[in-house]
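Worksheet: one structure, shown below.
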Amino acid sequence: MTKYLRTTSSRHPKLTALYSIGKSVQGRDLWVMVVSASPYEHMIGKPDVKYVANMHGNEAVGRELMLHLIQYLVNSYETDPYIKWLLDNTRIHILPSMNPDGFEVSREGQCDGGQGRYNARGFDLNRNFPDYFKQAGDRNNKRGQPETDAVKEWTSKIQFVLSGGLHGGALVASYPFDNTPNSMFQNYASTPSLTPDDDVFKHLAITYSSNHPVMSRGVACKAGTPAFNRGITNGAEWYPLTGGMQDFNYVWYGCMEVTLELSCCKFPPASELPKFWEENRVSLVKFLAEAHRGVHGFVMDENGNPVEKAALKVKGRDVGFQTTKYGEFWRILLPGVYKLEVYAEGYLPREVDLMVVEQHPTLLNVTLHPAKRNDNLYRHPTVGDRLGPGPSPSYHSQHSSPHTNKPASDGGIFSSITSGFNNFVSNIFG
């Protein structure tokens, strides 16, 4: 894979850039390929998006599809107007293998089981991220692993608008939340755990599934496994899990991520790859284009200078997001009328009305005016002020420790039973 990525990057230097976000336990690079008309520099005003595949090393289809996607995008740039538009207006970051160590010990043809699923230290990487709903955590997410630490740092440095996590073992697009604030007995009740942006997440999941000829039918992989209406599910309604990547992306950084389960067999024979590529090609492209839906713009001061790290929130949706160092912001929204709340250190807060339409994203530029410290009009927002990534007591603020917003609790035997049940389920379904 490394040779393939380096060769592709050298052949297409104007459309690709290869970089490593870190190394696995055994020292393998975690390669990311940027595919864009501006591969080496951020395009001001245009979004960054990402795909992360193979975080379970034995789920190999996503890894191979990412290599196919890279080749498809660079080969189609000059001949396909839609691909050219996408690359001219988006920076696409592709991490083909988050768990290269696990992949090395997995075996082609093994459709089930856990060989290769975990990293070289035996940790499930999709249970290893910080989790708002269960701060105390268990063994698997108390000790950060180099692969998850690398992804966390990567996500903190680049303001990703949209993300897809690629898995195998089922055929469904699963959206947040994966975990639930309710009791452990929720595990057996198949109750949804919905985000404030549930309409958007369902739309993103349907965008993927509806462009997939098999997933869209919602057919069960085999007898005794779930069938999913329209090929989508809420993560917790399927089965709750602690320490998942998609909840982390959304709550900590406001990045909307959907988990894409792409094959009933986790590591099918290589001869089946052309079929999987044809089934997923359109979905993979259309999903990324959803980053251009909703509202985007800049937050500036009275002199037109960008305001970095301004905290924004769509009123009534209590997971927020921030501006970049250029003052940029993006938020995926469906057509409708909204209010955008904007706060920044040293400025008076603003509330701005906006309308989102279907045909194109809404451009909204916001000017902030300085606050006078002695007029009692300014107070820097806190966690309880319902803004920023995790603006209310119900969600985590990225400016505070993820362990300070909620009292620690010891789940005792019930926590152990829950963890064991989740591990059993995840080994079956992915």
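Every chain in the structure tokens takes a letter, A first, then B, and so on in the order presented; its residues are numbered from 1, and the ligands are numbered from 1 following the presented order.
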For this session: Tell me, as number ranges by chain, which residues lie within 6 Å of segment 299-316 of chain A, counting only C-alpha atoms; anything in the same chain fewer than 6 positions away does not count.
Result: A: 322-327, 339-344, 365-368, 387-388
For this session: Would you kindly return, as a ChimeraX atom specification, each protein, DNA or RNA residue with an atom no farther than 10 Å from any atom of Trp277 of chain A, considering only C-alpha atoms and excluding same-chain residues fewer than 6 positions away?
Result: /A:61-62,64-66,68-69,284
Any chance you could export the current selection's all heavy atoms as an mmCIF file, in the first residue's frame?
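File written: part.cif
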```cif
data_model
loop_
_atom_site.group_PDB
_atom_site.id
_atom_site.type_symbol
_atom_site.label_atom_id
_atom_site.label_comp_id
_atom_site.auth_asym_id
_atom_site.auth_seq_id
_atom_site.Cartn_x
_atom_site.Cartn_y
_atom_site.Cartn_z
ATOM 1 N N VAL A 61 -12.333 -4.381 3.120
ATOM 2 C CA VAL A 61 -12.959 -3.810 1.923
ATOM 3 C C VAL A 61 -12.755 -2.295 1.869
ATOM 4 O O VAL A 61 -12.400 -1.739 0.819
ATOM 5 C CB VAL A 61 -14.463 -4.166 1.872
ATOM 6 C CG1 VAL A 61 -15.156 -3.409 0.740
ATOM 7 C CG2 VAL A 61 -14.643 -5.665 1.677
ATOM 8 N N GLY A 62 -12.958 -1.601 2.986
ATOM 9 C CA GLY A 62 -12.793 -0.151 3.003
ATOM 10 C C GLY A 62 -11.400 0.282 2.612
ATOM 11 O O GLY A 62 -11.219 1.264 1.884
ATOM 12 N N GLU A 64 -9.278 -1.238 0.623
ATOM 13 C CA GLU A 64 -9.097 -1.384 -0.826
ATOM 14 C C GLU A 64 -9.926 -0.356 -1.597
ATOM 15 O O GLU A 64 -9.474 0.183 -2.617
ATOM 16 C CB GLU A 64 -9.466 -2.808 -1.251
ATOM 17 C CG GLU A 64 -8.596 -3.877 -0.634
ATOM 18 C CD GLU A 64 -7.121 -3.678 -0.948
ATOM 19 O OE1 GLU A 64 -6.795 -3.363 -2.108
ATOM 20 O OE2 GLU A 64 -6.290 -3.829 -0.035
ATOM 21 N N LEU A 65 -11.141 -0.070 -1.108
ATOM 22 C CA LEU A 65 -11.978 0.920 -1.798
ATOM 23 C C LEU A 65 -11.345 2.304 -1.761
ATOM 24 O O LEU A 65 -11.504 3.086 -2.709
ATOM 25 C CB LEU A 65 -13.372 0.957 -1.172
ATOM 26 C CG LEU A 65 -14.260 -0.263 -1.386
ATOM 27 C CD1 LEU A 65 -15.661 0.001 -0.837
ATOM 28 C CD2 LEU A 65 -14.346 -0.647 -2.856
ATOM 29 N N MET A 66 -10.631 2.625 -0.683
ATOM 30 C CA MET A 66 -9.975 3.937 -0.606
ATOM 31 C C MET A 66 -8.867 4.057 -1.650
ATOM 32 O O MET A 66 -8.668 5.131 -2.244
ATOM 33 C CB MET A 66 -9.429 4.172 0.796
ATOM 34 C CG MET A 66 -10.507 4.381 1.858
ATOM 35 S SD MET A 66 -11.586 5.813 1.543
ATOM 36 C CE MET A 66 -12.952 5.071 0.632
ATOM 37 N N HIS A 68 -8.890 2.466 -4.517
ATOM 38 C CA HIS A 68 -9.633 2.630 -5.768
ATOM 39 C C HIS A 68 -10.152 4.062 -5.912
ATOM 40 O O HIS A 68 -10.119 4.643 -7.006
ATOM 41 C CB HIS A 68 -10.820 1.660 -5.811
ATOM 42 C CG HIS A 68 -10.459 0.275 -6.220
ATOM 43 N ND1 HIS A 68 -9.697 -0.568 -5.437
ATOM 44 C CD2 HIS A 68 -10.764 -0.442 -7.340
ATOM 45 C CE1 HIS A 68 -9.555 -1.723 -6.055
ATOM 46 N NE2 HIS A 68 -10.190 -1.685 -7.209
ATOM 47 N N LEU A 69 -10.654 4.632 -4.808
ATOM 48 C CA LEU A 69 -11.217 5.990 -4.864
ATOM 49 C C LEU A 69 -10.152 7.010 -5.233
ATOM 50 O O LEU A 69 -10.396 7.905 -6.057
ATOM 51 C CB LEU A 69 -11.850 6.348 -3.518
ATOM 52 C CG LEU A 69 -12.462 7.752 -3.426
ATOM 53 C CD1 LEU A 69 -13.614 7.917 -4.412
ATOM 54 C CD2 LEU A 69 -12.940 8.034 -1.999
ATOM 55 N N LEU A 284 -19.627 6.821 -2.472
ATOM 56 C CA LEU A 284 -18.431 7.434 -1.889
ATOM 57 C C LEU A 284 -18.250 8.877 -2.352
ATOM 58 O O LEU A 284 -17.832 9.747 -1.574
ATOM 59 C CB LEU A 284 -17.193 6.612 -2.256
ATOM 60 C CG LEU A 284 -17.050 5.261 -1.552
ATOM 61 C CD1 LEU A 284 -15.971 4.418 -2.221
ATOM 62 C CD2 LEU A 284 -16.737 5.445 -0.079
#
```
For this session: Once DSSP has gone over the backbone, tell me which residues of segment 149-385 of chain A are in strand (DSSP E or B), as a ChimeraX atom specification.
Result: /A:160-167,170-175,232-234,256-263,295-300,306,311-314,321-322,328-331,336-343,347,350-356,362-363,366-367,370
Output file for the residues above (C-alpha atoms, as a compact mmCIF listing (two decimals), in the first residue's frame):
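And here is the file that came out, out-v2.txt:
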```
# COMPACT_ATOMS: atom_id res chain seq x y z
CA PHE A 160 -13.08 18.64 9.03
CA VAL A 161 -16.69 19.31 8.05
CA LEU A 162 -17.69 15.76 7.10
CA SER A 163 -16.26 12.30 7.65
CA GLY A 164 -16.94 8.66 6.86
CA GLY A 165 -15.62 5.71 8.85
CA LEU A 166 -15.45 2.55 6.70
CA HIS A 167 -16.11 -0.87 8.23
CA ALA A 170 -22.71 -5.60 7.86
CA LEU A 171 -24.34 -3.52 5.14
CA VAL A 172 -25.66 -0.27 6.60
CA ALA A 173 -24.94 3.43 7.12
CA SER A 174 -24.95 4.04 10.89
CA TYR A 175 -25.17 7.53 12.37
CA ILE A 232 -29.57 3.11 7.66
CA THR A 233 -29.64 2.89 11.46
CA ASN A 234 -28.96 4.95 14.54
CA MET A 256 -20.35 15.10 11.16
CA GLU A 257 -19.25 11.49 10.77
CA VAL A 258 -21.23 8.46 9.61
CA THR A 259 -20.08 4.85 9.98
CA LEU A 260 -20.32 2.97 6.68
CA GLU A 261 -20.54 -0.83 6.92
CA LEU A 262 -19.74 -1.94 3.38
CA SER A 263 -19.69 -5.73 3.23
CA VAL A 295 -24.23 27.35 5.51
CA HIS A 296 -20.66 28.57 5.29
CA GLY A 297 -18.89 31.89 5.63
CA PHE A 298 -16.51 33.99 7.67
CA VAL A 299 -16.52 35.66 11.07
CA MET A 300 -14.62 38.97 11.00
CA PRO A 306 -10.67 37.05 10.69
CA ALA A 311 -17.73 29.60 18.89
CA LEU A 312 -20.84 29.03 16.78
CA LYS A 313 -24.04 27.15 17.31
CA VAL A 314 -27.25 26.80 15.37
CA PHE A 321 -18.35 24.29 16.05
CA GLN A 322 -15.56 26.87 15.68
CA GLU A 328 -14.07 30.29 8.22
CA PHE A 329 -16.95 28.12 9.31
CA TRP A 330 -19.17 25.45 7.75
CA ARG A 331 -22.28 23.63 8.93
CA GLY A 336 -35.04 25.76 6.30
CA VAL A 337 -34.76 28.91 8.41
CA TYR A 338 -32.23 29.00 11.26
CA LYS A 339 -30.59 31.29 13.79
CA LEU A 340 -26.81 31.22 14.13
CA GLU A 341 -25.32 32.20 17.50
CA VAL A 342 -21.75 33.53 17.40
CA TYR A 343 -19.47 34.21 20.39
CA TYR A 347 -16.61 40.68 21.26
CA ARG A 350 -24.32 37.97 17.73
CA GLU A 351 -27.43 36.10 16.65
CA VAL A 352 -28.02 36.03 12.89
CA ASP A 353 -31.00 34.75 10.90
CA LEU A 354 -30.29 32.67 7.81
CA MET A 355 -32.09 30.57 5.24
CA VAL A 356 -30.74 27.36 3.73
CA THR A 362 -25.79 29.74 1.91
CA LEU A 363 -22.92 32.21 2.22
CA VAL A 366 -20.69 37.76 10.29
CA THR A 367 -19.06 40.91 11.69
CA PRO A 370 -15.76 44.70 20.33
```
For this session: For Ile332 of chain A, list every protein, DNA or RNA residue within 8 Å, evaluated using only C-alpha atoms, and leave out those in the same chain fewer than 2 positions away; present the list as a PyMOL selection string.
Result: chain A and resi 161+200+290-295+330+334
Problem set entry | Residue nearest Ile44 of chain A - candidates A:Gln159, A:Ser216, A:Ser106, A:Thr195, atoms counted: only C-alpha atoms |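 With only C-alpha atoms as the atom set, the closest residue is A:Gln159.
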For this session: Identify, on the basis of only C-alpha atoms, every residue whose closest approach to Lys14 of chain A does not exceed 7 Å; exclude the query and any residue fewer than 2 positions from it along the same chain; express the result as a PyMOL selection string.
Result: chain A and resi 12+16+37
Exercise. Within 10 Å of Thr180 of chain A, counting only C-alpha atoms, which residues qualify if same-chain residues fewer than 3 places away don't, as a count of residues only?
Worked result: 20
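Taking atom CA of Lys3 of chain A and atom CA of Leu273 of chain A as the two end points, the separation is 19.7 Å.
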Exercise. So how far away is atom CA of Phe276 of chain A from atom CA of Arg217 of chain A, in Å?
Worked result: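 That distance, rounded to one decimal, is 15.7 Å.
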